[in-house]
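K.L.:
If it helps, the file is called protein_3.tsv and holds TSV, C-alpha atoms:
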```tsv
chain	number	residue	atom	x	y	z
A	22	MET	CA	0.00	0.00	0.00
A	23	LYS	CA	2.86	2.41	0.86
A	24	SER	CA	4.56	1.79	-2.49
A	25	PHE	CA	1.29	2.37	-4.29
A	26	LEU	CA	0.74	5.69	-2.49
A	27	LEU	CA	4.29	6.82	-3.28
A	28	ILE	CA	3.85	6.03	-6.99
A	29	LEU	CA	0.47	7.76	-7.03
A	30	LEU	CA	1.84	10.90	-5.33
A	31	SER	CA	4.83	10.97	-7.71
A	32	THR	CA	2.54	10.69	-10.74
A	33	LEU	CA	0.24	13.43	-9.43
A	34	ALA	CA	3.24	15.68	-8.83
A	35	LEU	CA	4.52	15.16	-12.34
A	36	ASN	CA	1.10	15.84	-13.87
A	37	SER	CA	0.83	19.00	-11.78
A	38	VAL	CA	4.18	20.27	-13.06
A	39	CYS	CA	3.15	19.60	-16.65
A	40	SER	CA	0.59	22.44	-16.42
A	41	THR	CA	1.91	26.00	-16.17
A	42	GLU	CA	0.74	28.68	-13.76
A	43	ASN	CA	-1.45	30.12	-16.51
A	44	GLY	CA	-3.55	27.02	-16.99
A	45	GLN	CA	-3.71	23.83	-19.02
A	46	ARG	CA	-1.38	23.64	-22.07
A	47	SER	CA	-2.96	20.97	-24.23
A	48	GLY	CA	-3.12	20.81	-28.03
A	49	VAL	CA	-1.64	23.76	-29.90
A	50	GLU	CA	-3.09	26.43	-27.60
A	51	GLY	CA	-0.52	28.42	-25.66
A	52	GLN	CA	2.46	26.89	-27.50
A	53	ARG	CA	4.63	30.03	-27.46
A	54	SER	CA	4.39	30.43	-23.69
A	55	ARG	CA	5.18	26.75	-23.33
A	56	TYR	CA	8.52	26.77	-25.09
A	57	GLU	CA	9.63	30.16	-23.76
A	58	VAL	CA	9.84	28.66	-20.25
A	59	ARG	CA	10.85	25.13	-21.21
A	60	GLY	CA	14.37	25.34	-19.76
A	61	ALA	CA	13.12	26.19	-16.28
A	62	ARG	CA	10.34	23.62	-16.44
A	63	TYR	CA	12.73	20.88	-17.44
A	64	GLU	CA	14.95	21.53	-14.42
A	65	ASP	CA	11.88	21.59	-12.17
A	66	THR	CA	10.64	18.22	-13.43
A	67	LEU	CA	13.95	16.38	-13.83
A	68	ASN	CA	13.75	14.59	-10.49
A	69	ALA	CA	10.16	13.54	-11.13
A	70	GLN	CA	11.18	12.12	-14.51
A	71	ARG	CA	13.95	10.09	-12.91
A	72	SER	CA	11.43	8.38	-10.65
A	73	THR	CA	8.95	7.60	-13.43
A	74	LEU	CA	11.14	6.57	-16.38
A	75	ASN	CA	10.97	2.90	-15.47
A	76	ALA	CA	7.33	2.99	-14.40
A	77	GLN	CA	4.34	2.28	-16.63
A	78	PRO	CA	4.36	5.12	-19.20
A	79	PRO	CA	1.43	7.54	-18.95
A	80	GLU	CA	-1.30	7.40	-21.55
A	81	ASP	CA	-0.11	10.60	-23.24
A	82	THR	CA	3.44	9.30	-23.82
A	83	LEU	CA	4.40	9.42	-27.49
A	84	THR	CA	6.93	7.21	-29.26
A	85	ILE	CA	9.01	8.58	-32.13
A	86	ALA	CA	11.24	6.40	-34.34
A	87	MET	CA	14.09	8.02	-36.30
A	88	THR	CA	16.48	6.72	-38.94
A	89	GLY	CA	19.15	8.17	-41.18
A	90	ASP	CA	19.74	8.00	-44.95
A	91	ILE	CA	17.47	5.85	-47.12
A	92	MET	CA	18.41	5.02	-50.73
A	93	MET	CA	16.89	1.63	-51.51
A	94	GLY	CA	18.76	1.05	-54.77
A	95	THR	CA	19.56	2.86	-58.01
A	96	THR	CA	19.31	2.50	-61.78
A	97	PHE	CA	22.11	5.00	-62.40
A	98	PRO	CA	24.81	4.75	-63.67
A	99	SER	CA	24.02	1.03	-63.69
A	100	THR	CA	21.18	-0.97	-62.19
A	101	GLN	CA	21.87	-1.97	-58.60
A	102	LEU	CA	18.63	-3.04	-56.98
A	103	PRO	CA	17.87	-5.50	-54.16
A	104	PRO	CA	15.92	-8.63	-55.11
A	105	ASN	CA	12.16	-9.02	-54.76
A	106	ASP	CA	11.65	-5.30	-55.50
A	107	GLY	CA	13.19	-4.53	-52.11
A	108	ARG	CA	10.49	-6.23	-50.06
A	109	ASP	CA	13.09	-7.63	-47.66
A	110	ILE	CA	15.30	-4.60	-47.04
A	111	PHE	CA	13.41	-3.42	-43.94
A	112	MET	CA	12.61	-6.90	-42.66
A	113	ASP	CA	14.67	-6.51	-39.47
A	114	THR	CA	13.64	-2.93	-38.67
A	115	LYS	CA	10.05	-2.32	-39.75
A	116	ALA	CA	8.54	-3.76	-36.56
A	117	ILE	CA	10.14	-0.84	-34.69
A	118	THR	CA	9.33	1.93	-37.16
A	119	SER	CA	5.78	0.65	-37.69
A	120	ARG	CA	4.85	0.55	-34.00
A	121	ALA	CA	5.90	4.14	-33.28
A	122	ASN	CA	3.38	6.95	-33.14
A	123	LEU	CA	5.53	8.63	-35.79
A	124	ALA	CA	8.44	7.40	-37.93
A	125	VAL	CA	10.82	9.76	-39.74
A	126	GLY	CA	13.95	9.49	-41.87
A	127	ASN	CA	15.93	11.05	-44.73
A	128	LEU	CA	15.29	10.13	-48.37
A	129	GLU	CA	18.79	10.24	-49.84
A	130	GLY	CA	18.08	10.52	-53.56
A	131	THR	CA	15.13	10.49	-55.93
A	132	LEU	CA	12.15	8.27	-56.66
A	133	CYS	CA	11.89	8.42	-60.43
A	134	ASP	CA	11.92	6.21	-63.50
A	135	GLY	CA	13.81	8.35	-65.98
A	136	GLY	CA	15.40	11.72	-66.41
A	137	THR	CA	18.99	12.79	-66.87
A	138	THR	CA	21.61	14.07	-64.47
A	139	LYS	CA	24.38	16.60	-64.87
A	140	LYS	CA	26.46	14.70	-62.36
A	141	LYS	CA	29.30	12.52	-63.55
A	142	PRO	CA	30.19	9.52	-61.34
A	143	GLY	CA	33.48	9.99	-59.54
A	144	PRO	CA	35.22	9.75	-56.15
A	145	HIS	CA	33.01	12.48	-54.66
A	146	CYS	CA	30.10	12.56	-57.11
A	147	TYR	CA	27.13	10.21	-57.08
A	148	ALA	CA	23.60	10.33	-58.48
A	149	PHE	CA	20.84	8.12	-57.08
A	150	ARG	CA	17.66	7.13	-58.95
A	151	THR	CA	15.40	4.67	-57.14
A	152	PRO	CA	12.47	3.29	-59.21
A	153	THR	CA	9.07	4.54	-58.10
A	154	LYS	CA	7.88	0.94	-57.67
A	155	PHE	CA	10.12	0.79	-54.57
A	156	GLY	CA	8.07	3.55	-52.92
A	157	PRO	CA	5.59	1.20	-51.19
A	158	ARG	CA	8.48	-0.27	-49.19
A	159	LEU	CA	8.52	3.03	-47.29
A	160	THR	CA	4.86	2.82	-46.27
A	161	GLU	CA	5.28	-0.85	-45.39
A	162	ALA	CA	8.08	0.21	-43.04
A	163	GLY	CA	5.77	2.74	-41.41
A	164	TYR	CA	7.36	6.04	-42.47
A	165	ASP	CA	5.24	9.17	-41.96
A	166	PHE	CA	7.76	11.85	-42.99
A	167	LEU	CA	10.97	11.97	-45.02
A	168	SER	CA	13.39	14.85	-45.42
A	169	MET	CA	14.28	15.92	-48.95
A	170	ALA	CA	16.79	18.55	-47.79
A	171	ASN	CA	19.93	16.72	-48.87
A	172	ASN	CA	22.61	16.71	-51.55
A	173	HIS	CA	20.92	14.01	-53.66
A	174	ALA	CA	17.35	15.29	-53.92
A	175	ASN	CA	18.35	17.26	-57.03
A	176	ASP	CA	20.34	14.46	-58.70
A	177	PHE	CA	17.86	14.37	-61.60
A	178	GLY	CA	16.85	17.99	-61.55
A	179	GLN	CA	13.32	19.30	-61.43
A	180	PHE	CA	12.01	16.10	-63.00
A	181	GLY	CA	13.45	14.01	-60.18
A	182	ILE	CA	12.16	16.35	-57.46
A	183	GLU	CA	8.63	16.41	-58.90
A	184	SER	CA	8.57	12.64	-59.40
A	185	THR	CA	9.73	12.09	-55.83
A	186	GLU	CA	7.11	14.44	-54.44
A	187	GLN	CA	4.35	12.89	-56.55
A	188	THR	CA	5.34	9.39	-55.44
A	189	LEU	CA	5.40	10.37	-51.77
A	190	ASP	CA	2.05	12.15	-52.16
A	191	GLU	CA	0.51	8.99	-53.59
A	192	LEU	CA	1.93	7.00	-50.69
A	193	GLY	CA	0.63	9.46	-48.08
A	194	ILE	CA	4.15	10.26	-46.80
A	195	LYS	CA	4.84	13.90	-45.95
A	196	TYR	CA	8.09	15.67	-46.87
A	197	SER	CA	9.81	19.05	-46.90
A	198	GLY	CA	13.16	20.71	-47.43
A	199	ILE	CA	13.37	21.99	-51.02
A	200	LYS	CA	13.55	25.76	-51.34
A	201	GLY	CA	10.51	27.31	-53.01
A	202	ARG	CA	8.43	24.17	-52.62
A	203	THR	CA	7.22	22.54	-49.38
A	204	ARG	CA	8.53	24.48	-46.36
A	205	SER	CA	6.90	22.29	-43.71
A	206	ALA	CA	4.36	19.55	-43.15
A	207	ILE	CA	1.74	18.52	-40.62
A	208	VAL	CA	1.05	14.86	-39.82
A	209	GLU	CA	-1.87	14.03	-37.56
A	210	ARG	CA	-1.89	10.68	-35.78
A	211	ASP	CA	-4.35	9.67	-33.04
A	212	GLY	CA	-5.38	13.26	-32.48
A	213	VAL	CA	-1.82	14.55	-32.12
A	214	LYS	CA	-0.51	17.06	-34.66
A	215	TYR	CA	3.17	16.73	-35.53
A	216	GLY	CA	4.83	19.65	-37.31
A	217	LEU	CA	7.88	18.76	-39.40
A	218	CYS	CA	10.46	20.68	-41.40
A	219	ALA	CA	13.86	19.95	-42.92
A	220	PHE	CA	17.04	21.89	-43.65
A	221	GLY	CA	20.19	21.14	-45.63
A	222	HIS	CA	23.46	22.62	-46.86
A	223	ASN	CA	22.80	22.84	-50.62
A	224	SER	CA	21.67	25.95	-52.48
A	225	TYR	CA	18.36	24.34	-53.52
A	226	THR	CA	17.48	23.32	-49.95
A	227	LEU	CA	16.14	25.33	-47.07
A	228	HIS	CA	19.54	26.12	-45.54
A	229	HIS	CA	20.37	25.50	-41.90
A	230	ASN	CA	22.87	28.38	-41.90
A	231	ASP	CA	20.04	30.80	-42.72
A	232	LEU	CA	18.76	31.16	-39.17
A	233	SER	CA	16.25	33.87	-40.08
A	234	THR	CA	14.49	31.45	-42.43
A	235	VAL	CA	14.77	28.66	-39.88
A	236	LYS	CA	13.11	30.88	-37.28
A	237	ALA	CA	10.38	32.00	-39.68
A	238	ILE	CA	9.47	28.39	-40.47
A	239	LEU	CA	9.49	27.37	-36.80
A	240	ASP	CA	7.42	30.42	-35.83
A	241	ASP	CA	4.86	29.57	-38.51
A	242	LEU	CA	4.74	25.87	-37.63
A	243	ARG	CA	4.76	26.01	-33.83
A	244	PRO	CA	1.18	27.29	-33.29
A	245	LYS	CA	-0.17	24.68	-35.69
A	246	CYS	CA	1.17	21.56	-33.97
A	247	ASP	CA	1.53	19.75	-30.68
A	248	ILE	CA	5.01	18.30	-31.36
A	249	LEU	CA	7.57	20.03	-33.60
A	250	ILE	CA	10.32	17.96	-35.23
A	251	VAL	CA	13.27	19.31	-37.23
A	252	SER	CA	15.42	17.28	-39.62
A	253	PHE	CA	18.79	18.48	-40.90
A	254	HIS	CA	21.44	17.29	-43.35
A	255	GLY	CA	24.81	18.61	-42.26
A	256	GLY	CA	28.35	17.96	-41.17
A	257	ALA	CA	31.50	16.68	-42.84
A	258	GLU	CA	31.37	13.17	-44.30
A	259	GLY	CA	33.13	9.91	-43.63
A	260	ARG	CA	34.67	7.71	-40.97
A	261	THR	CA	37.11	10.45	-39.90
A	262	HIS	CA	34.23	12.78	-39.02
A	263	THR	CA	32.37	10.87	-36.34
A	264	HIS	CA	33.09	13.49	-33.67
A	265	LEU	CA	30.98	16.65	-33.40
A	266	PRO	CA	33.26	19.69	-33.59
A	267	GLN	CA	32.73	23.14	-32.16
A	268	GLY	CA	31.81	25.75	-34.77
A	269	HIS	CA	31.29	25.38	-38.50
A	270	GLU	CA	32.28	22.29	-40.47
A	271	PHE	CA	33.64	22.50	-44.01
A	272	PHE	CA	33.74	19.65	-46.50
A	273	LEU	CA	34.50	19.67	-50.26
A	274	GLY	CA	34.50	23.45	-50.17
A	275	GLU	CA	31.05	23.72	-48.59
A	276	ASP	CA	30.00	25.12	-45.25
A	277	ARG	CA	28.19	22.13	-43.74
A	278	GLY	CA	26.96	24.10	-40.72
A	279	ASP	CA	27.59	24.94	-37.08
A	280	LEU	CA	25.41	22.12	-35.87
A	281	ARG	CA	25.58	22.71	-32.14
A	282	THR	CA	24.38	26.29	-32.66
A	283	PHE	CA	21.72	25.24	-35.18
A	284	THR	CA	20.19	22.48	-33.08
A	285	HIS	CA	20.10	24.58	-29.92
A	286	PHE	CA	18.61	27.47	-31.90
A	287	CYS	CA	15.83	25.19	-33.15
A	288	ILE	CA	14.96	24.06	-29.63
A	289	ASP	CA	15.17	27.61	-28.25
A	290	ASN	CA	12.64	28.54	-30.94
A	291	GLY	CA	10.13	25.78	-30.32
A	292	ALA	CA	11.44	22.46	-31.64
A	293	ASP	CA	10.87	19.35	-29.52
A	294	ILE	CA	13.10	16.91	-31.46
A	295	VAL	CA	15.99	17.56	-33.84
A	296	TYR	CA	17.50	14.68	-35.80
A	297	GLY	CA	20.40	14.79	-38.23
A	298	HIS	CA	22.06	12.89	-41.06
A	299	GLY	CA	24.64	13.65	-43.71
A	300	PRO	CA	28.06	12.52	-42.40
A	301	HIS	CA	27.31	8.87	-43.39
A	302	VAL	CA	28.38	7.87	-39.88
A	303	VAL	CA	26.63	8.03	-36.53
A	304	ARG	CA	27.38	10.85	-34.11
A	305	CYS	CA	26.58	11.78	-30.52
A	306	MET	CA	23.21	12.48	-28.93
A	307	GLU	CA	22.14	15.22	-26.56
A	308	VAL	CA	19.20	16.35	-24.46
A	309	TYR	CA	19.10	20.14	-24.37
A	310	ASN	CA	16.49	21.90	-22.22
A	311	GLY	CA	14.59	18.64	-22.07
A	312	ARG	CA	14.49	18.13	-25.84
A	313	PHE	CA	16.21	15.36	-27.78
A	314	ILE	CA	18.92	15.84	-30.42
A	315	ALA	CA	20.54	13.17	-32.62
A	316	TYR	CA	23.46	14.78	-34.45
A	317	SER	CA	23.73	12.06	-37.10
A	318	LEU	CA	21.92	8.78	-37.60
A	319	GLY	CA	24.25	7.75	-40.42
A	320	ASN	CA	23.44	5.52	-43.38
A	321	PHE	CA	20.32	3.51	-42.63
A	322	CYS	CA	19.18	1.69	-45.75
A	323	THR	CA	21.67	2.23	-48.56
A	324	PRO	CA	22.37	-1.29	-49.83
A	325	TYR	CA	24.21	-0.08	-52.95
A	326	GLY	CA	26.19	2.96	-54.02
A	327	MET	CA	27.81	3.68	-50.65
A	328	ASN	CA	30.69	2.32	-48.62
A	329	LEU	CA	29.24	0.14	-45.86
A	330	THR	CA	32.44	-1.10	-44.23
A	331	GLY	CA	33.11	-0.45	-40.57
A	332	VAL	CA	31.28	2.47	-38.97
A	333	THR	CA	29.83	3.61	-42.31
A	334	GLY	CA	27.61	0.54	-42.19
A	335	TYR	CA	26.17	1.38	-38.76
A	336	ALA	CA	22.40	1.79	-39.14
A	337	PRO	CA	20.53	2.57	-35.91
A	338	VAL	CA	16.83	2.96	-35.34
A	339	VAL	CA	16.43	5.41	-32.46
A	340	GLU	CA	13.16	5.08	-30.59
A	341	ILE	CA	12.38	7.70	-27.97
A	342	LYS	CA	9.49	8.36	-25.63
A	343	ILE	CA	8.38	11.92	-25.01
A	344	THR	CA	5.57	13.58	-23.09
A	345	SER	CA	2.63	15.12	-24.92
A	346	ASP	CA	4.38	18.50	-24.68
A	347	GLY	CA	7.62	17.19	-26.15
A	348	ARG	CA	9.85	16.56	-23.12
A	349	PHE	CA	12.26	13.65	-23.41
A	350	LEU	CA	11.58	10.70	-21.10
A	351	GLU	CA	13.74	7.81	-22.32
A	352	GLY	CA	14.90	6.08	-25.45
A	353	GLN	CA	16.47	3.05	-27.05
A	354	ILE	CA	19.15	2.80	-29.73
A	355	HIS	CA	18.33	-0.33	-31.71
A	356	SER	CA	21.55	-1.55	-33.31
A	357	PHE	CA	21.65	-2.67	-36.94
A	358	ILE	CA	24.49	-3.01	-39.44
A	359	GLN	CA	23.95	-2.83	-43.18
A	360	GLN	CA	24.74	-5.68	-45.51
A	361	LYS	CA	25.38	-4.97	-49.17
A	362	GLY	CA	22.31	-5.67	-51.26
A	363	LYS	CA	20.22	-6.49	-48.18
A	364	GLY	CA	19.86	-3.39	-46.02
A	365	PRO	CA	20.04	-3.08	-42.21
A	366	ARG	CA	20.39	-6.34	-40.28
A	367	LEU	CA	20.40	-6.96	-36.54
A	368	ASP	CA	23.63	-6.12	-34.70
A	369	ALA	CA	23.49	-8.62	-31.84
A	370	ALA	CA	26.74	-7.24	-30.39
A	371	ASN	CA	25.24	-3.73	-30.01
A	372	SER	CA	28.30	-2.24	-31.70
A	373	VAL	CA	26.23	0.68	-32.98
A	374	ALA	CA	24.81	1.61	-29.58
A	375	ARG	CA	28.27	1.43	-28.03
A	376	GLU	CA	29.68	3.70	-30.74
A	377	ILE	CA	27.01	6.34	-30.10
A	378	ARG	CA	27.49	5.96	-26.34
A	379	ASN	CA	31.23	6.57	-26.61
A	380	LEU	CA	30.80	9.55	-28.94
A	381	THR	CA	28.26	11.10	-26.58
A	382	LEU	CA	30.58	10.67	-23.60
A	383	SER	CA	33.37	12.31	-25.58
A	384	ASP	CA	31.53	15.15	-27.30
A	385	ILE	CA	28.73	16.25	-24.93
A	386	LYS	CA	30.20	17.49	-21.67
A	387	GLY	CA	27.89	17.52	-18.65
A	388	SER	CA	25.18	15.62	-20.51
A	389	PRO	CA	21.97	15.02	-18.51
A	390	ILE	CA	21.55	11.59	-20.13
A	391	THR	CA	23.34	8.28	-19.98
A	392	ILE	CA	23.45	5.63	-22.71
A	393	SER	CA	23.98	2.03	-21.67
A	394	GLU	CA	26.08	-0.41	-23.68
A	395	THR	CA	22.84	-2.00	-24.87
A	396	GLY	CA	21.53	1.36	-26.09
A	397	HIS	CA	19.07	2.42	-23.40
A	398	ILE	CA	18.96	6.23	-23.09
A	399	SER	CA	17.93	7.55	-19.69
A	400	VAL	CA	18.03	10.73	-17.64
A	401	LYS	CA	20.83	10.68	-15.07
```
Using structure tokens, write down the structure from this file.
P.N.:
Amino acid sequence: MKSFLLILLSTLALNSVCSTENGQRSGVEGQRSRYEVRGARYEDTLNAQRSTLNAQPPEDTLTIAMTGDIMMGTTFPSTQLPPNDGRDIFMDTKAITSRANLAVGNLEGTLCDGGTTKKKPGPHCYAFRTPTKFGPRLTEAGYDFLSMANNHANDFGQFGIESTEQTLDELGIKYSGIKGRTRSAIVERDGVKYGLCAFGHNSYTLHHNDLSTVKAILDDLRPKCDILIVSFHGGAEGRTHTHLPQGHEFFLGEDRGDLRTFTHFCIDNGADIVYGHGPHVVRCMEVYNGRFIAYSLGNFCTPYGMNLTGVTGYAPVVEIKITSDGRFLEGQIHSFIQQKGKGPRLDAANSVAREIRNLTLSDIKGSPITISETGHISVK
């Protein structure tokens, strides 16, 4: 009886804290006031979260699944496609992405059946063209939103962009990230409105270095949604760039962003989750003012056209639980490693989770979270 009373009192205390002094903050009403005081509220509720993380999650807990780059196969410059029209490429991961309240990723390339590219294959130049018939694999895997703000969305020019958008529209998958086209998206699931937007480092994308545009999009989106999620493509590429530096990163002559500043800026301006991709390797994770950041989720399903040896083959699915107002509760890094021609396959040794754990310990000083060797993410 005493244990029951303690749990009940703890739950009541947490629920009390989740309402501000000005009244109930449910739905999209009062969103601006909510995120303006989020830093103080997170500190106030941290101890209560510690005591409830391992308890039965409340009914308003939301589960978000995130992955990195997806390029299911290509017909350029030669045909390299997985067998069975790709029906098996997500076989080890789709149970996780399908069960989440929302699943998001990055579509690295185009969905189109023709067109030409100005790119010429070379050491640092690739063009990806996935047949549109592979599109249903994305809905079968449970994806709700995919970023198009990356350096391969324009591989086949306007034709490729329009074909990709049309295919995703037909599949019911939302997207954003191309300048002058779709700035943001709203996905509604079980009465919860998720606002999503995406930023990249290319001239044709909504650029993450353009903080005035970033703020304008966040300001427009925040009052329309309950949970706001930002995707970004940024950072230098390759196995020598797993660590998150301070300041701007430059790669192949491009400014790939000051990602610490960008992600914190997004959260300070209303974002609840920020997830990244682009370096083709995993990077550290952070919880900032109670909101979750994944700095790079690496290559996720790229069975051809990319180097998959060593850490470049690490392909996590990150599943986190948040409150209905976006505060991080706990998470799990599900470890997978890509196999050429097959996609992500179970990493029974949890090598991927350990890599992210070590990078987080190294790159995020004073982090309020811990990551176990099996990938469980918890508040300290």
K.L.:
Can you measure CA of Thr114 in chain A to CA of Pro337 in chain A for me? One decimal in Å is fine.
P.N.:
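That distance, rounded to one decimal, is 9.2 Å.
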K.L.:
Could you check the closest approach to Ser224 in chain A for each of A:Glu275, A:Ser345, A:Thr395, A:Leu242 and tell me which residue wins, using all atoms listed in the file?
P.N.:
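Using all atoms listed in the file, the shortest distance to Ser224 in chain A belongs to A:Glu275.
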K.L.:
Name the residues in contact with Gly255 in chain A at a cut-off of 12 Å, using only C-alpha atoms, excluding same-chain residues fewer than 2 positions from it; report them as an NGL selection string.
P.N.:
:A and (89 or 127 or 170-172 or 219-223 or 226-230 or 252-253 or 257-258 or 262 or 265 or 269-272 or 275-281 or 283-284 or 296-302 or 304 or 315-319)
K.L.:
Which distance in Å separates CA of Asp113 in chain A and CA of Ser372 in chain A, to one decimal?
P.N.:
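Separation between CA of Asp113 in chain A and CA of Ser372 in chain A: 16.3 Å.
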K.L.:
For range 377-391 of chain A, please output as a count of residues only all residues within 12 Å (counting all atoms listed in the file; exclusion window: fewer than 6 positions along the same chain).
P.N.:
51
K.L.:
Name all residues at most 10 Å from range 187-204 of chain A (count all atoms listed in the file; drop same-chain ones fewer than 3 positions away) and give them as a PyMOL selection string.
P.N.:
chain A and resi 125-128+131-133+153-160+163-171+174-175+181-184+207-208+217-221+223-228+234-235+238+242+252-254
K.L.:
Closest to Phe180 in chain A among A:Gly135, A:Gly94, A:Pro103, A:Gly268, using all atoms listed in the file?
P.N.:
A:Gly135
K.L.:
For CA of Asp109 in chain A and CA of Asp176 in chain A, quote the distance in Å rounded to one decimal.
P.N.:
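A separation of 25.7 Å between them.
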K.L.:
Using all atoms listed in the file for the distances, tell me which of A:Phe286, A:Gly326, A:Gly130, A:Arg210 is nearest to Asp231 in chain A.
P.N.:
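Checking each of A:Phe286, A:Gly326, A:Gly130, A:Arg210 against Asp231 in chain A, counting all atoms listed in the file, the winner is A:Phe286.
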K.L.:
Which is closer to Pro98 in chain A than all the others in A:Phe111, A:Val373, A:Lys139, A:Gln179, using only C-alpha atoms?
P.N.:
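Answer, going by the shortest atom-to-atom distance: A:Lys139.
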